[in-house]
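K.L.:
Questions regarding the structure given below will be posed in turn.
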Amino acid sequence: STSRNRAGRSRSLDASNIPFLGQLVDKFTGGNVFICEVFFVTTREMPSIKFGTSVGDVMDPQTQLRVRLMVHGEFSAKAMDPTKLVVGLVGQRATDNEAFLGWFKSQIQKVIKDHIAELIVKENWPMMKVTSGAYTDEIETFTLGAVRKHIEPYGVEIMRFGDFTISMDQADKDRLDKLVERFAYVNASGGMAGYQQHQQDNHRVLAERAHLLG
């Protein structure tokens with residue numbers, strides 16, 4: 001029997017490994033005909049697949065402020081075992097390229113949501129440093145390993161990330177900037193008592209200036 005794919009290319013299919021099926025089909029169809037599905041899986045690396053998701057709210061260890069983190073970037077993927085991929089994705093009803101990419105992105109986003117916030121909290125990393133890129137290499141390596149472990153049973157592997165960026169909500173960034181600046185003043189003033197004294201001195205100077213101008 002012959003199968004024709006969407007590109008018009010033909011492939012010969014042989015049912016000799018299941019002779020009883022061939023005999024049954026011959027009996028009822030009068031010819032050597034059987035129906036099947038053929039999946040064509042590319043084994044080349046698929047580059048520049050974009051993704052983006054929210055990590056959720058994470059507490060900044062420096063200020064105790066909860067901020068919302070987001071991650072975006074791109075990755076490349078490659079089918080390492082086409083048989084595993086077809087069997088796994090048919091079960092997920094992801095049998096074309098668009099469905100595969102949707103499924104694959106969902107796996108990456110699941111790992112990001114489940115594990116990146118946990119890693120940041122465990123390492124006690126300040127949010128300003130996380131979003132500045134100071135720990136991007138560590139987070140990227142961790143995410144790559146976690147995703148590979150999660151999708152290995154499907155016969156596909158994520159090869160690398162590109163432009164892996166962690167950012168925070170702009171309103172949260174503005175609030176965090178103010179708090180970090182305040183903490184810096186406190187430390188520079190020798191603690192909270194020194195900071196309060198500094199604030200009182202500033203208020204007194206401003207009041208004296210206002211009195212002189214008046």
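Labels for the structure tokens follow display order: chains A, B, ..., residues from 1 in each chain, ligands from 1.
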Can you tell me which residues surround range 123-140 of chain A at a distance of at most 8 Å, considering only C-alpha atoms, apart from same-chain residues fewer than 6 positions away, and format the answer as a ChimeraX atom specification?
P.N.:
/A:60-62,116,161,164-168
K.L.:
Name the residues of range 57-156 of chain A that come out as helix (DSSP H, G or I) in a backbone DSSP run; write them as number ranges by chain.
P.N.:
A: 82-91, 97-123, 127-132, 136-154
K.L.:
Please measure the separation of CA of Thr83 in chain A and CA of Met46 in chain A, giving the value in Å to one decimal.
P.N.:
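Between CA of Thr83 in chain A and CA of Met46 in chain A the gap is 17.8 Å.
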K.L.:
Please list as a list in words every residue within 7 Å of Gly155 in chain A, counting only C-alpha atoms and excluding residues in the same chain fewer than 2 positions away.
P.N.:
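Result of the neighbour search: Ala79, Met80, Asp81, Pro82, Lys84, Leu85, Glu152, Pro153 and Glu157 of chain A.
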K.L.:
List as a ChimeraX atom specification the protein and nucleic acid residues near Arg175 in chain A, meaning an atom at most 9 Å away when only C-alpha atoms are counted, but skip any in the same chain fewer than 5 places from it.
P.N.:
/A:65,170,180
K.L.:
Just to confirm, what's the straight-line distance from CA of Val86 in chain A to CA of Val38 in chain A in Å (one decimal)?
P.N.:
9.9 Å
K.L.:
As an MDAnalysis selection string, list the residues of range 35-175 of chain A assigned to strand (DSSP E or B) by DSSP on the backbone atoms of this structure.
P.N.:
chainID A and resid 46:59 66:79 156:168
K.L.:
Given only C-alpha atoms as the basis, pick out the residue of A:Met70, A:Lys78, A:Met159, A:Gly52 nearest to Ser106 in chain A.
P.N.:
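Among the listed residues, the smallest separation from Ser106 in chain A belongs to A:Gly52.
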K.L.:
Residues within 9 Å of Asp163 in chain A, please, as a VMD selection string. Count only C-alpha atoms; anything in the same chain fewer than 3 positions from it doesn't count.
P.N.:
chain A and resid 72 to 75
K.L.:
Counting only C-alpha atoms, which residue out of A:Val87, A:Ala171, A:Val156, A:Asp177 sits closest to Gln107 in chain A?
P.N.:
A:Val156
K.L.:
What's around range 54-58 of chain A at 7 Å? Count only C-alpha atoms, leave out sequence neighbours fewer than 2 positions away in its own chain, and write the answer as number ranges by chain.
P.N.:
A: 60, 66-71, 112-113, 117
K.L.:
Write the residues of the selection above to a file with N, CA and C atoms, as a PDB file, in the first residue's frame.
P.N.:
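Okay, this is what ended up in part10.pdb:
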ATOM      1  N   ASP A  60      11.144  39.601  48.166  1.00  0.00           N
ATOM      2  CA  ASP A  60      12.520  40.092  48.133  1.00  0.00           C
ATOM      3  C   ASP A  60      13.114  39.970  49.534  1.00  0.00           C
ATOM      4  N   ARG A  66       6.913  41.776  48.331  1.00  0.00           N
ATOM      5  CA  ARG A  66       6.573  40.764  47.333  1.00  0.00           C
ATOM      6  C   ARG A  66       6.456  41.436  45.966  1.00  0.00           C
ATOM      7  N   VAL A  67       7.173  40.885  44.997  1.00  0.00           N
ATOM      8  CA  VAL A  67       7.154  41.443  43.647  1.00  0.00           C
ATOM      9  C   VAL A  67       6.799  40.341  42.646  1.00  0.00           C
ATOM     10  N   ARG A  68       6.197  40.738  41.544  1.00  0.00           N
ATOM     11  CA  ARG A  68       5.808  39.764  40.510  1.00  0.00           C
ATOM     12  C   ARG A  68       6.906  39.681  39.454  1.00  0.00           C
ATOM     13  N   LEU A  69       7.439  38.470  39.273  1.00  0.00           N
ATOM     14  CA  LEU A  69       8.504  38.251  38.299  1.00  0.00           C
ATOM     15  C   LEU A  69       7.947  37.636  37.024  1.00  0.00           C
ATOM     16  N   MET A  70       8.574  37.967  35.898  1.00  0.00           N
ATOM     17  CA  MET A  70       8.224  37.401  34.599  1.00  0.00           C
ATOM     18  C   MET A  70       9.491  36.951  33.897  1.00  0.00           C
ATOM     19  N   VAL A  71       9.373  35.922  33.070  1.00  0.00           N
ATOM     20  CA  VAL A  71      10.502  35.395  32.311  1.00  0.00           C
ATOM     21  C   VAL A  71      10.109  35.311  30.845  1.00  0.00           C
ATOM     22  N   ILE A 112       9.186  26.622  34.876  1.00  0.00           N
ATOM     23  CA  ILE A 112       9.514  27.971  35.345  1.00  0.00           C
ATOM     24  C   ILE A 112       8.643  28.355  36.541  1.00  0.00           C
ATOM     25  N   LYS A 113       7.341  28.132  36.419  1.00  0.00           N
ATOM     26  CA  LYS A 113       6.426  28.496  37.502  1.00  0.00           C
ATOM     27  C   LYS A 113       6.660  27.655  38.750  1.00  0.00           C
ATOM     28  N   ALA A 117      10.919  30.330  41.211  1.00  0.00           N
ATOM     29  CA  ALA A 117      10.665  31.076  42.450  1.00  0.00           C
ATOM     30  C   ALA A 117      11.265  30.346  43.644  1.00  0.00           C
TER      31      ALA A 117
END
K.L.:
Name the closest residue to Ala184 in chain A among the candidates A:Thr63, A:Phe100, A:Ser76, A:Leu119; distances are taken between atoms, counting only C-alpha atoms.
P.N.:
A:Thr63
K.L.:
What does the distance from CA of Leu144 in chain A to CA of Asp169 in chain A come to in Å, to one decimal?
P.N.:
24.2 Å
